[in-house]
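Dumped target-v2.cif below, it's mmCIF, C-alpha atoms and all ligand atoms:
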data_entry
#
loop_
_atom_site.label_atom_id
_atom_site.label_comp_id
_atom_site.auth_asym_id
_atom_site.auth_seq_id
_atom_site.Cartn_x
_atom_site.Cartn_y
_atom_site.Cartn_z
CA MET A 20 15.05 17.24 29.56
CA ASN A 21 14.52 14.13 31.65
CA ASN A 22 15.04 14.02 35.41
CA GLY A 23 14.28 10.37 36.17
CA ILE A 24 16.21 8.03 33.88
CA ALA A 25 16.23 4.24 34.08
CA ILE A 26 19.03 2.18 32.57
CA LEU A 27 18.08 -1.45 32.15
CA GLY A 28 19.68 -4.45 30.49
CA ALA A 29 17.43 -5.79 27.72
CA GLN A 30 19.15 -9.18 27.35
CA TRP A 31 20.88 -11.54 29.81
CA GLY A 32 23.00 -8.88 31.49
CA ASP A 33 26.53 -7.75 30.63
CA GLU A 34 25.18 -5.42 27.95
CA GLY A 35 27.52 -2.62 29.06
CA LYS A 36 25.22 -0.78 31.47
CA GLY A 37 28.00 0.42 33.80
CA LYS A 38 29.71 2.43 31.10
CA ILE A 39 26.49 4.15 30.07
CA VAL A 40 25.50 4.91 33.66
CA ASP A 41 28.93 6.44 34.10
CA LEU A 42 28.47 8.49 30.93
CA LEU A 43 25.03 9.79 31.88
CA THR A 44 26.11 10.46 35.42
CA GLU A 45 28.24 13.38 34.26
CA LYS A 46 24.96 15.26 34.06
CA CYS A 47 23.22 13.63 37.05
CA ASP A 48 23.01 14.19 40.77
CA ALA A 49 22.36 10.65 41.99
CA VAL A 50 22.55 7.02 40.90
CA VAL A 51 20.29 4.44 42.53
CA ARG A 52 20.71 0.65 42.58
CA PHE A 53 17.39 -1.05 43.24
CA GLN A 54 17.86 -4.82 42.83
CA GLY A 55 20.44 -7.58 42.73
CA GLY A 56 23.56 -7.55 44.84
CA HIS A 57 27.24 -8.15 44.30
CA ASN A 58 26.41 -10.69 41.58
CA ALA A 59 26.57 -7.72 39.20
CA GLY A 60 29.81 -6.70 37.53
CA HIS A 61 29.86 -3.23 36.02
CA THR A 62 33.06 -2.46 34.16
CA LEU A 63 34.10 1.16 33.71
CA VAL A 64 37.10 2.29 31.70
CA VAL A 65 38.15 5.87 32.39
CA ASP A 66 41.38 7.28 30.95
CA GLY A 67 42.51 3.73 30.18
CA LYS A 68 42.01 2.61 33.79
CA THR A 69 39.51 -0.19 34.46
CA THR A 70 37.28 -0.21 37.56
CA ILE A 71 34.88 -3.10 38.17
CA LEU A 72 31.99 -2.37 40.50
CA HIS A 73 29.73 -5.05 41.94
CA LEU A 74 27.62 -3.32 44.54
CA VAL A 75 28.44 0.37 44.62
CA PRO A 76 26.41 2.32 42.00
CA SER A 77 28.37 3.21 38.88
CA GLY A 78 28.13 6.96 39.60
CA ILE A 79 30.87 6.71 42.22
CA LEU A 80 33.61 7.84 39.83
CA HIS A 81 31.98 11.28 39.60
CA ASP A 82 32.81 13.35 42.67
CA ASN A 83 29.53 15.17 43.19
CA VAL A 84 27.16 12.31 42.58
CA LYS A 85 25.25 10.58 45.39
CA CYS A 86 25.22 6.80 45.12
CA ILE A 87 22.20 5.18 46.68
CA ILE A 88 21.60 1.51 47.47
CA GLY A 89 17.85 0.97 47.64
CA ASN A 90 15.87 -1.53 49.71
CA GLY A 91 15.60 -3.95 46.78
CA VAL A 92 19.33 -4.67 46.84
CA VAL A 93 20.55 -7.65 48.87
CA LEU A 94 23.54 -6.31 50.72
CA SER A 95 26.69 -8.18 51.67
CA LEU A 96 28.57 -5.99 54.13
CA ASP A 97 31.73 -8.03 53.45
CA ALA A 98 31.47 -7.32 49.71
CA LEU A 99 30.70 -3.67 50.38
CA SER A 100 33.77 -3.28 52.63
CA GLU A 101 36.01 -4.93 50.04
CA GLU A 102 34.73 -2.72 47.26
CA ILE A 103 35.05 0.48 49.28
CA GLU A 104 38.60 -0.48 50.22
CA ILE A 105 39.54 -0.86 46.54
CA LEU A 106 37.86 2.42 45.59
CA GLU A 107 39.63 4.26 48.41
CA LYS A 108 42.96 2.77 47.38
CA ASN A 109 42.26 4.24 43.93
CA LYS A 110 41.72 7.62 45.61
CA ILE A 111 38.00 7.75 44.87
CA ASN A 112 36.26 9.83 47.47
CA ILE A 113 33.33 7.93 49.00
CA ASP A 114 32.59 10.06 52.08
CA CYS A 115 28.95 11.08 52.43
CA ARG A 116 28.26 10.00 48.87
CA LEU A 117 27.34 6.37 49.42
CA LEU A 118 23.91 6.10 51.00
CA MET A 119 21.79 3.07 51.74
CA SER A 120 18.40 1.92 52.90
CA ASP A 121 18.01 0.32 56.32
CA ASN A 122 15.55 -2.08 54.70
CA CYS A 123 18.23 -3.80 52.60
CA PRO A 124 18.18 -7.55 53.30
CA LEU A 125 21.63 -8.75 54.34
CA ILE A 126 23.53 -11.45 52.49
CA LEU A 127 25.26 -13.50 55.16
CA PRO A 128 28.00 -16.14 54.79
CA VAL A 129 25.32 -18.78 55.33
CA HIS A 130 23.53 -17.63 52.16
CA ILE A 131 26.70 -18.03 50.15
CA ALA A 132 27.21 -21.53 51.57
CA LEU A 133 23.61 -22.47 50.71
CA ASP A 134 23.92 -21.09 47.17
CA LYS A 135 27.08 -23.12 46.54
CA ALA A 136 25.80 -26.29 48.22
CA ARG A 137 22.62 -26.23 46.15
CA GLU A 138 24.42 -25.72 42.89
CA LYS A 139 26.79 -28.56 43.75
CA LYS A 140 23.90 -30.89 44.53
CA LYS A 141 22.12 -29.98 41.28
CA GLY A 142 25.17 -31.10 39.29
CA LYS A 143 24.49 -30.88 35.56
CA GLU A 144 21.11 -29.24 36.23
CA LYS A 145 22.68 -26.29 38.02
CA ILE A 146 21.52 -22.71 37.35
CA GLY A 147 25.11 -21.52 37.07
CA THR A 148 24.65 -18.84 39.74
CA THR A 149 27.42 -16.45 40.67
CA GLY A 150 27.67 -18.21 44.05
CA ARG A 151 27.18 -14.91 45.88
CA GLY A 152 24.21 -16.02 48.00
CA ILE A 153 21.72 -13.90 46.05
CA GLY A 154 18.89 -16.47 45.79
CA PRO A 155 18.99 -17.62 49.44
CA ALA A 156 19.08 -14.00 50.69
CA TYR A 157 16.00 -13.09 48.65
CA GLU A 158 14.25 -16.25 49.89
CA ASP A 159 14.83 -15.14 53.46
CA LYS A 160 13.42 -11.72 52.62
CA ILE A 161 10.24 -13.15 51.14
CA SER A 162 9.80 -15.67 53.96
CA ARG A 163 10.14 -12.76 56.43
CA ARG A 164 12.97 -14.59 58.16
CA GLY A 165 15.80 -12.38 56.93
CA LEU A 166 18.00 -9.92 58.74
CA ARG A 167 17.92 -6.38 57.37
CA LEU A 168 20.57 -3.70 57.66
CA GLY A 169 18.49 -1.64 60.10
CA ASP A 170 18.04 -4.65 62.41
CA LEU A 171 21.67 -4.29 63.43
CA SER A 172 20.86 -1.07 65.31
CA ASP A 173 19.55 -3.32 68.08
CA GLU A 174 22.37 -5.64 69.18
CA LYS A 175 20.31 -7.94 71.37
CA GLN A 176 17.40 -8.43 69.02
CA SER A 177 19.60 -8.87 65.97
CA LEU A 178 21.59 -11.57 67.74
CA GLU A 179 18.36 -13.40 68.55
CA LYS A 180 17.17 -13.06 64.98
CA LEU A 181 20.48 -14.24 63.58
CA THR A 182 20.55 -17.23 65.94
CA GLU A 183 17.09 -18.28 64.81
CA LEU A 184 17.99 -17.83 61.17
CA LEU A 185 21.17 -19.86 61.50
CA ASP A 186 19.36 -22.60 63.41
CA TYR A 187 17.02 -22.97 60.47
CA HIS A 188 19.70 -22.95 57.78
CA ASN A 189 22.21 -25.03 59.72
CA TYR A 190 19.68 -27.83 59.89
CA ILE A 191 19.39 -27.83 56.11
CA LEU A 192 23.12 -27.41 55.54
CA LYS A 193 23.95 -30.31 57.84
CA ASN A 194 21.17 -32.75 57.05
CA PHE A 195 20.41 -32.07 53.43
CA TYR A 196 23.69 -30.85 51.98
CA ASP A 197 26.14 -32.49 54.37
CA SER A 198 27.91 -29.12 54.63
CA GLU A 199 29.57 -27.07 57.34
CA ILE A 200 27.37 -25.08 59.68
CA PHE A 201 27.67 -21.55 61.08
CA SER A 202 27.71 -20.15 64.60
CA PRO A 203 26.05 -16.82 65.34
CA ILE A 204 28.39 -15.16 67.85
CA GLN A 205 31.38 -14.36 65.64
CA MET A 206 29.22 -13.57 62.66
CA HIS A 207 27.16 -11.17 64.75
CA GLU A 208 30.19 -9.41 66.23
CA LYS A 209 31.51 -8.73 62.75
CA LEU A 210 28.12 -7.50 61.52
CA ILE A 211 27.85 -5.06 64.42
CA LEU A 212 31.33 -3.66 63.67
CA GLN A 213 30.38 -3.28 60.01
CA TYR A 214 27.12 -1.63 60.96
CA GLU A 215 28.99 0.88 63.12
CA ALA A 216 31.18 1.75 60.12
CA TYR A 217 28.21 2.35 57.79
CA LYS A 218 25.40 3.51 60.05
CA ASP A 219 25.88 7.17 59.13
CA CYS A 220 25.26 6.27 55.48
CA ILE A 221 21.77 4.93 56.23
CA ILE A 222 18.94 7.13 54.99
CA ASP A 223 15.23 6.99 54.27
CA VAL A 224 15.66 6.32 50.55
CA PRO A 225 12.13 7.07 49.27
CA GLU A 226 12.07 10.40 51.08
CA TYR A 227 15.58 11.27 49.91
CA ILE A 228 14.71 10.49 46.29
CA GLU A 229 11.49 12.50 46.53
CA LYS A 230 13.44 15.48 47.83
CA LEU A 231 16.01 15.23 45.03
CA PHE A 232 13.23 15.25 42.44
CA ASN A 233 11.50 18.16 44.16
CA ASP A 234 14.76 20.10 43.99
CA ASN A 235 14.82 19.42 40.23
CA LYS A 236 17.80 17.05 40.49
CA LYS A 237 18.48 14.31 37.98
CA ILE A 238 18.53 10.67 39.06
CA VAL A 239 19.70 7.59 37.18
CA PHE A 240 18.24 4.23 38.24
CA GLU A 241 20.88 1.65 37.47
CA GLY A 242 19.67 -1.84 36.66
CA ALA A 243 21.78 -4.92 37.25
CA GLN A 244 21.63 -8.17 35.22
CA GLY A 245 19.09 -8.05 32.37
CA THR A 246 15.43 -8.49 31.45
CA LEU A 247 15.79 -12.16 30.46
CA LEU A 248 17.18 -12.91 33.93
CA ASP A 249 14.13 -11.40 35.67
CA ILE A 250 12.64 -13.74 38.29
CA ASP A 251 9.14 -13.33 36.80
CA HIS A 252 9.69 -12.49 33.15
CA GLY A 253 12.99 -14.22 32.39
CA THR A 254 13.95 -17.71 31.28
CA TYR A 255 12.85 -19.31 34.57
CA PRO A 256 14.34 -21.19 36.40
CA TYR A 257 17.58 -20.01 34.77
CA VAL A 258 17.23 -16.51 36.16
CA THR A 259 18.40 -14.40 39.03
CA SER A 260 16.17 -13.88 42.08
CA SER A 261 15.13 -10.26 41.62
CA ASN A 262 13.02 -8.14 39.25
CA THR A 263 15.54 -6.79 36.80
CA THR A 264 12.76 -5.14 34.78
CA VAL A 265 11.22 -1.70 35.16
CA GLY A 266 8.85 -2.61 38.02
CA GLY A 267 11.85 -3.45 40.19
CA ILE A 268 12.77 0.23 40.25
CA PHE A 269 9.65 1.22 42.14
CA THR A 270 9.56 -1.64 44.62
CA GLY A 271 13.32 -1.61 45.07
CA SER A 272 13.80 2.10 45.73
CA GLY A 273 10.47 3.56 46.74
CA ALA A 274 10.51 6.03 43.84
CA ALA A 275 7.05 6.62 42.35
CA PRO A 276 6.42 5.48 38.73
CA LYS A 277 5.39 8.94 37.57
CA LYS A 278 8.89 10.22 38.38
CA LEU A 279 10.43 8.14 35.62
CA ASP A 280 10.71 10.16 32.41
CA TYR A 281 12.92 8.01 30.26
CA ILE A 282 13.71 4.26 30.18
CA LEU A 283 16.87 3.37 28.31
CA ALA A 284 17.41 -0.19 27.08
CA ILE A 285 20.99 -1.31 26.93
CA VAL A 286 21.26 -3.74 24.03
CA LYS A 287 24.50 -5.42 23.06
CA SER A 288 24.94 -5.59 19.26
CA TYR A 289 25.00 -9.40 19.62
CA THR A 290 23.97 -11.63 22.54
CA THR A 291 25.78 -13.19 25.49
CA ARG A 292 24.75 -15.23 28.47
CA VAL A 293 26.58 -16.55 31.55
CA GLY A 294 25.39 -19.67 33.32
CA SER A 295 22.90 -22.29 32.16
CA GLY A 296 19.59 -21.99 30.35
CA PRO A 297 18.13 -21.57 26.87
CA PHE A 298 19.88 -19.34 24.34
CA MET A 299 18.24 -19.43 20.93
CA THR A 300 20.98 -17.76 18.86
CA GLU A 301 23.99 -19.30 20.63
CA LEU A 302 26.98 -19.97 18.35
CA PHE A 303 29.34 -22.90 18.74
CA ASP A 304 31.45 -22.09 15.68
CA GLU A 305 34.27 -19.74 14.71
CA ASN A 306 31.87 -16.75 14.72
CA GLY A 307 31.08 -17.40 18.38
CA LYS A 308 34.80 -17.48 19.13
CA ILE A 309 35.33 -14.18 17.33
CA LEU A 310 32.54 -12.52 19.32
CA SER A 311 33.98 -13.89 22.54
CA GLU A 312 37.53 -12.77 21.79
CA ARG A 313 36.81 -9.38 20.25
CA GLY A 314 34.18 -8.64 22.91
CA HIS A 315 36.37 -9.89 25.80
CA GLU A 316 33.36 -11.89 26.90
CA VAL A 317 34.52 -13.07 30.29
CA GLY A 318 32.29 -12.47 33.35
CA ALA A 319 33.34 -9.44 35.40
CA THR A 320 32.20 -11.12 38.64
CA THR A 321 33.10 -14.78 38.28
CA GLY A 322 35.63 -14.81 35.43
CA ARG A 323 33.49 -17.39 33.61
CA GLU A 324 33.45 -17.36 29.81
CA ARG A 325 30.22 -15.95 28.46
CA ARG A 326 28.27 -17.90 25.84
CA CYS A 327 28.00 -15.85 22.65
CA GLY A 328 25.51 -15.62 19.78
CA TRP A 329 23.87 -13.32 17.24
CA LEU A 330 21.43 -10.56 18.10
CA ASP A 331 17.95 -11.90 18.90
CA LEU A 332 15.28 -9.36 17.97
CA VAL A 333 12.43 -11.67 19.01
CA SER A 334 13.49 -11.72 22.66
CA LEU A 335 14.21 -7.99 22.48
CA LYS A 336 10.62 -7.35 21.38
CA ARG A 337 9.54 -9.14 24.53
CA SER A 338 11.86 -6.94 26.63
CA ILE A 339 10.26 -3.89 25.08
CA ILE A 340 6.75 -5.05 25.97
CA ILE A 341 7.75 -5.56 29.58
CA ASN A 342 9.85 -2.44 30.12
CA GLY A 343 8.25 0.09 27.76
CA PHE A 344 11.64 1.38 26.67
CA THR A 345 11.83 5.00 25.51
CA GLY A 346 15.14 4.58 23.73
CA ILE A 347 17.97 2.14 23.07
CA CYS A 348 21.70 2.29 23.56
CA LEU A 349 23.32 -0.23 21.21
CA THR A 350 26.63 -1.28 22.74
CA LYS A 351 29.80 -2.97 21.49
CA LEU A 352 29.05 -2.34 17.82
CA ASP A 353 32.80 -2.27 17.14
CA VAL A 354 33.00 -5.98 18.10
CA LEU A 355 31.27 -6.73 14.78
CA ASP A 356 33.87 -4.78 12.75
CA THR A 357 35.62 -7.78 11.20
CA PHE A 358 32.63 -9.88 10.10
CA LYS A 359 31.96 -10.38 6.38
CA LYS A 360 28.37 -11.40 7.14
CA ILE A 361 26.30 -10.73 10.27
CA GLN A 362 23.13 -12.63 11.19
CA VAL A 363 20.19 -11.20 13.11
CA CYS A 364 17.39 -13.42 14.44
CA VAL A 365 14.02 -12.04 13.32
CA ASP A 366 11.76 -15.01 14.07
CA TYR A 367 11.65 -18.47 15.63
CA HIS A 368 10.41 -21.57 13.86
CA ASP A 369 10.26 -25.08 15.41
CA ASN A 370 12.32 -23.75 18.28
CA LYS A 371 15.06 -22.60 15.92
CA PRO A 372 16.11 -19.06 15.01
CA ILE A 373 15.27 -17.60 11.59
CA TYR A 374 18.02 -15.22 10.55
CA LYS A 375 18.23 -12.22 8.28
CA GLU A 376 21.72 -11.81 6.88
CA TYR A 377 23.55 -8.48 6.75
CA GLU A 378 26.73 -7.49 4.92
CA GLY A 379 29.45 -6.60 7.42
CA TRP A 380 31.32 -3.30 7.18
CA GLU A 381 34.76 -4.92 7.53
CA GLN A 382 36.49 -1.81 8.82
CA SER A 383 37.18 -0.31 12.22
CA ILE A 384 34.54 2.05 13.60
CA LYS A 385 36.66 2.94 16.61
CA GLY A 386 36.96 6.67 17.05
CA VAL A 387 33.82 7.45 15.01
CA SER A 388 31.79 9.97 16.99
CA GLU A 389 29.07 10.97 14.50
CA PHE A 390 26.42 8.71 13.02
CA LYS A 391 27.01 10.13 9.53
CA ASP A 392 30.64 8.93 9.63
CA LEU A 393 29.73 5.27 10.15
CA PRO A 394 30.12 2.87 7.20
CA GLU A 395 26.89 2.44 5.23
CA ASN A 396 26.53 -1.23 6.26
CA ALA A 397 26.78 -0.30 9.95
CA LYS A 398 24.14 2.40 9.44
CA LYS A 399 21.87 -0.17 7.81
CA TYR A 400 22.39 -2.62 10.70
CA ILE A 401 21.41 0.08 13.22
CA HIS A 402 18.53 1.37 11.12
CA ASP A 403 16.96 -2.07 10.60
CA ILE A 404 17.15 -2.92 14.30
CA GLU A 405 15.45 0.36 15.09
CA VAL A 406 12.68 -0.26 12.55
CA TYR A 407 12.07 -3.84 13.73
CA LEU A 408 11.97 -2.89 17.40
CA ASP A 409 10.14 0.39 16.82
CA VAL A 410 12.17 2.13 19.52
CA PRO A 411 14.73 4.83 18.65
CA ILE A 412 18.42 4.02 19.00
CA ASP A 413 19.65 7.09 20.86
CA ILE A 414 23.24 6.07 21.59
CA VAL A 415 25.71 3.71 19.94
CA SER A 416 28.73 2.64 21.95
CA ASN A 417 31.79 1.76 19.87
CA GLY A 418 34.49 1.04 22.43
CA PRO A 419 34.94 0.51 26.17
CA GLY A 420 36.17 4.04 26.95
CA ARG A 421 33.98 6.75 28.47
CA LYS A 422 34.16 8.84 25.31
CA GLU A 423 33.71 6.08 22.73
CA ASN A 424 30.08 6.79 21.88
CA ILE A 425 27.92 8.13 19.10
CA ILE A 426 25.14 10.22 20.59
CA ILE A 427 22.25 10.23 18.13
CA ASN A 428 19.62 11.82 20.36
CA LYS A 429 20.77 13.80 23.38
CA PHE A 430 18.09 13.04 25.94
CA PHE A 431 20.08 13.85 29.07
P1 LIG B 501 22.60 -15.42 40.71
O1 LIG B 501 22.10 -14.04 40.41
O2 LIG B 501 23.98 -15.46 41.26
O3 LIG B 501 21.63 -16.22 41.54
O4 LIG B 501 22.70 -16.23 39.31
C1 LIG B 501 21.53 -16.56 38.56
C2 LIG B 501 21.80 -16.39 37.07
O5 LIG B 501 21.99 -15.01 36.78
C3 LIG B 501 23.08 -17.08 36.56
O6 LIG B 501 22.85 -17.52 35.23
C4 LIG B 501 24.10 -15.97 36.55
O7 LIG B 501 25.13 -16.22 35.62
C5 LIG B 501 23.24 -14.81 36.11
N1 LIG B 501 23.77 -13.52 36.55
C6 LIG B 501 23.78 -13.00 37.78
N2 LIG B 501 24.35 -11.79 37.78
C7 LIG B 501 24.69 -11.53 36.52
C8 LIG B 501 25.30 -10.40 35.87
O8 LIG B 501 25.61 -9.38 36.47
N3 LIG B 501 25.50 -10.53 34.53
C9 LIG B 501 25.12 -11.61 33.82
N4 LIG B 501 24.55 -12.68 34.38
C10 LIG B 501 24.33 -12.64 35.72
#

Represent the supplied structure as structure tokens.
Amino acid sequence: MNNGIAILGAQWGDEGKGKIVDLLTEKCDAVVRFQGGHNAGHTLVVDGKTTILHLVPSGILHDNVKCIIGNGVVLSLDALSEEIEILEKNKINIDCRLLMSDNCPLILPVHIALDKAREKKKGKEKIGTTGRGIGPAYEDKISRRGLRLGDLSDEKQSLEKLTELLDYHNYILKNFYDSEIFSPIQMHEKLILQYEAYKDCIIDVPEYIEKLFNDNKKIVFEGAQGTLLDIDHGTYPYVTSSNTTVGGIFTGSGAAPKKLDYILAIVKSYTTRVGSGPFMTELFDENGKILSERGHEVGATTGRERRCGWLDLVSLKRSIIINGFTGICLTKLDVLDTFKKIQVCVDYHDNKPIYKEYEGWEQSIKGVSEFKDLPENAKKYIHDIEVYLDVPIDIVSNGPGRKENIIINKFF
């Protein structure tokens, strides 16, 4: 059995990772987030109750699981406080289970203002970011200007650092974007209070992970966003600002590559994208509307409608090259239940998709829990994807609930 399991989005995010992390976590000891921030939206449905997580790892609904925020995550302490408050209201026990790295770069209100001001100035050319300050916070990290969680342990020095950082950004906000500026004192006071509340959750993440592995514990590394949004390998510049692909796990948590035994691709049975940028198989017709409505394709973070299209096997091949997936979880297959014909993109020609057409199964697959009980046309759809991608499909998800899955190969 596998001890180090990665769960990564193979498309443009929103593939249904949260649900699968939650499912696998039943058998795991820890879940680690290693990139992104509260731009993510992981929807979990347990006993009919929906919980949307943005920052806290999706293992939090399981009482004995440690939830770790690695150094690669850009951390908004405001967002964290809000999320913890909601979880506590829902009687989810957080104590001693949420742990974080002191190296996490902080997302400050000034980053959010910069993100929004930039998008506004770009107008029609905008990236369509979530407006959570993700890009500007990562820029500060790379430029070595940023404030990190651990910096707040020293009140005097962190105030100096924050003042310098705000001086720099205020100049740009005022002179380039004609926007409001920020003063350090109040912001710093709040950060110190927040730090006091969370300082006991700060750990040395690489060492902690190493110890868990040495004690034969199981760890899930939970990706956010998807491969095609990767800052290096995605559809640049219409991407997020972190490495959403497998390499991000090692830099963003300090876990060693050899500890990873299994890399699971989460692939939606069709394709969606939020924000701007190319989308080869995008649909603007009735079929797109059906996917959107049946799939409830509205962003969990921003409430924006997701763009919808057919499955694109060409871009998935690329995802496989980059991530070296061991297996695939095909999600939301039930969304395709009503289609008479289903298209799958198997090639590009002159910048247009070439489709292979499949007969739909035109019946509900909800409640099916064994592969053999699926309609023949659904089996063929799954089988052909597997053959084309040359990676086994180990799980099929056929509904939002925790138990709505068909486990083909039990690898956990
Ligand atoms: P940012 O991550 O807010 O900078 O946004 C950059 C791009 O990534 C935009 O197209 C967003 O819509 C997209 N994005 C960010 N987070 C997610 C996510 O969790 N799911 C899907 N798309 C996302």

Surroundings of ligand LIG 501 (chain B) up to 9 Å, based on only C-alpha atoms and all ligand atoms, as a PyMOL selection string = chain A and resi 31-34+55-61+73+134+146-155+243-245+248-249+256-261+291-296+318-321+323+325

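Excluding stretch 369-380 of chain A itself and same-chain residues fewer than 4 positions from it, the residues having an atom within 9 Å of it are A:Met299, A:Thr300, A:Asp331, A:Leu355, A:Asp356, A:Thr357, A:Phe358, A:Lys359, A:Lys360, A:Ile361, A:Gln362, A:Val363, A:Cys364, A:Val365, A:Ile384, A:Pro394, A:Glu395, A:Asn396, A:Ala397, A:Lys399, A:Tyr400, counting all atoms listed in the file.
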
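Every protein, DNA or RNA residue with an atom at most 10 Å from A:Lys46, where only C-alpha atoms count and chain neighbours fewer than 6 positions away do not, is listed here: A:His81, A:Val84, A:Lys236, A:Lys237, A:Ile238, A:Val239, A:Phe431.
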
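Counting only C-alpha atoms, the residue from A:Ser162, A:Asn21, A:Glu241, A:Ser177 that sits nearest to A:Leu74 is A:Glu241.
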
Quick one: everything within 6 Å of A:Gly89, counting all atoms listed in the file, minus sequence neighbours fewer than 4 positions away in the same chain. Send it as a list in words.
-> Arg52, Phe53, Ser120, Gly271 and Ser272 of chain A

Enclosing box along x, y and z for every listed atom of stretch 67-84 of chain A, padded 8 Å each side, centre and size in Å, one decimal, as lines of an AutoDock Vina configuration file:
center_x = 34.5
center_y = 5.1
center_z = 37.4
size_x = 32.1
size_y = 36.2
size_z = 30.4

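Taking atom CA of A:Asp223 and atom CA of A:Leu117 as endpoints, the distance between them is 13.1 Å.
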
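Nearest to A:Asp170 of all the residues A:Tyr214, A:Tyr255, A:Tyr190, A:Phe195 is A:Tyr214, counting only C-alpha atoms.
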
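Distances here use only C-alpha atoms; by that measure, the residue among A:Ile211, A:Leu184, A:Ile341, A:Val50 closest to A:Leu247 is A:Ile341.
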
Which residues of stretch 203-247 of chain A have any atom within 12 Å of an atom in stretch 125-129 of chain A when counting all atoms listed in the file, and what is the closest pair of atoms for each, with the distance in Å to one decimal? Order the rows by chain and rising number and write it as CSV.
residue,atom,partner,partner_atom,distance
A:Pro203,CA,A:Val129,CA,10.2
A:Gln205,CA,A:Pro128,CA,11.5
A:Met206,CA,A:Pro128,CA,8.4
A:His207,CA,A:Leu127,CA,10.1
A:Lys209,CA,A:Leu127,CA,10.9
A:Leu210,CA,A:Leu127,CA,9.2
A:Gln213,CA,A:Leu125,CA,11.8
A:Tyr214,CA,A:Leu125,CA,11.2

Selection from above, C-alpha atoms, as a PDB file, in the frame of the given file, can you write it?
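Result file follows (part-v4.pdb):
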ATOM      1  CA  PRO A 203      26.050 -16.820  65.340  1.00  0.00           C
ATOM      2  CA  GLN A 205      31.380 -14.360  65.640  1.00  0.00           C
ATOM      3  CA  MET A 206      29.220 -13.570  62.660  1.00  0.00           C
ATOM      4  CA  HIS A 207      27.160 -11.170  64.750  1.00  0.00           C
ATOM      5  CA  LYS A 209      31.510  -8.730  62.750  1.00  0.00           C
ATOM      6  CA  LEU A 210      28.120  -7.500  61.520  1.00  0.00           C
ATOM      7  CA  GLN A 213      30.380  -3.280  60.010  1.00  0.00           C
ATOM      8  CA  TYR A 214      27.120  -1.630  60.960  1.00  0.00           C
TER       9      TYR A 214
END

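Nearest residue to A:Thr62 among A:Glu405, A:Val317, A:Glu226, A:Gly307 is A:Val317, counting all atoms listed in the file.
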
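The residue that comes closest to A:Ile131, out of A:Asp366, A:Glu301, A:Glu199, A:Glu104 and on the basis of only C-alpha atoms, is A:Glu199.
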
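For the choices A:Ile88, A:Ala284, A:Tyr217, A:Leu185, the atom-to-atom distance to A:Ser202 is smallest for A:Leu185 when using all atoms listed in the file.
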
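Across the model, the gap from atom CA of A:Glu183 to atom CA of A:Leu133 is 16.1 Å.
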
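Picture a line from atom CA of A:Gly420 to atom CA of A:Thr264; it runs 26.3 Å.
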
Any idea what's packed within 12 Å of stretch 42-44 of chain A, counting all atoms listed in the file, ignoring anything in its chain fewer than 3 positions away? Could you give it as number ranges by chain?
-> A: 21-26, 35-39, 47-51, 63-65, 76-86, 236-241, 283, 348, 414, 416, 419-426, 429-431
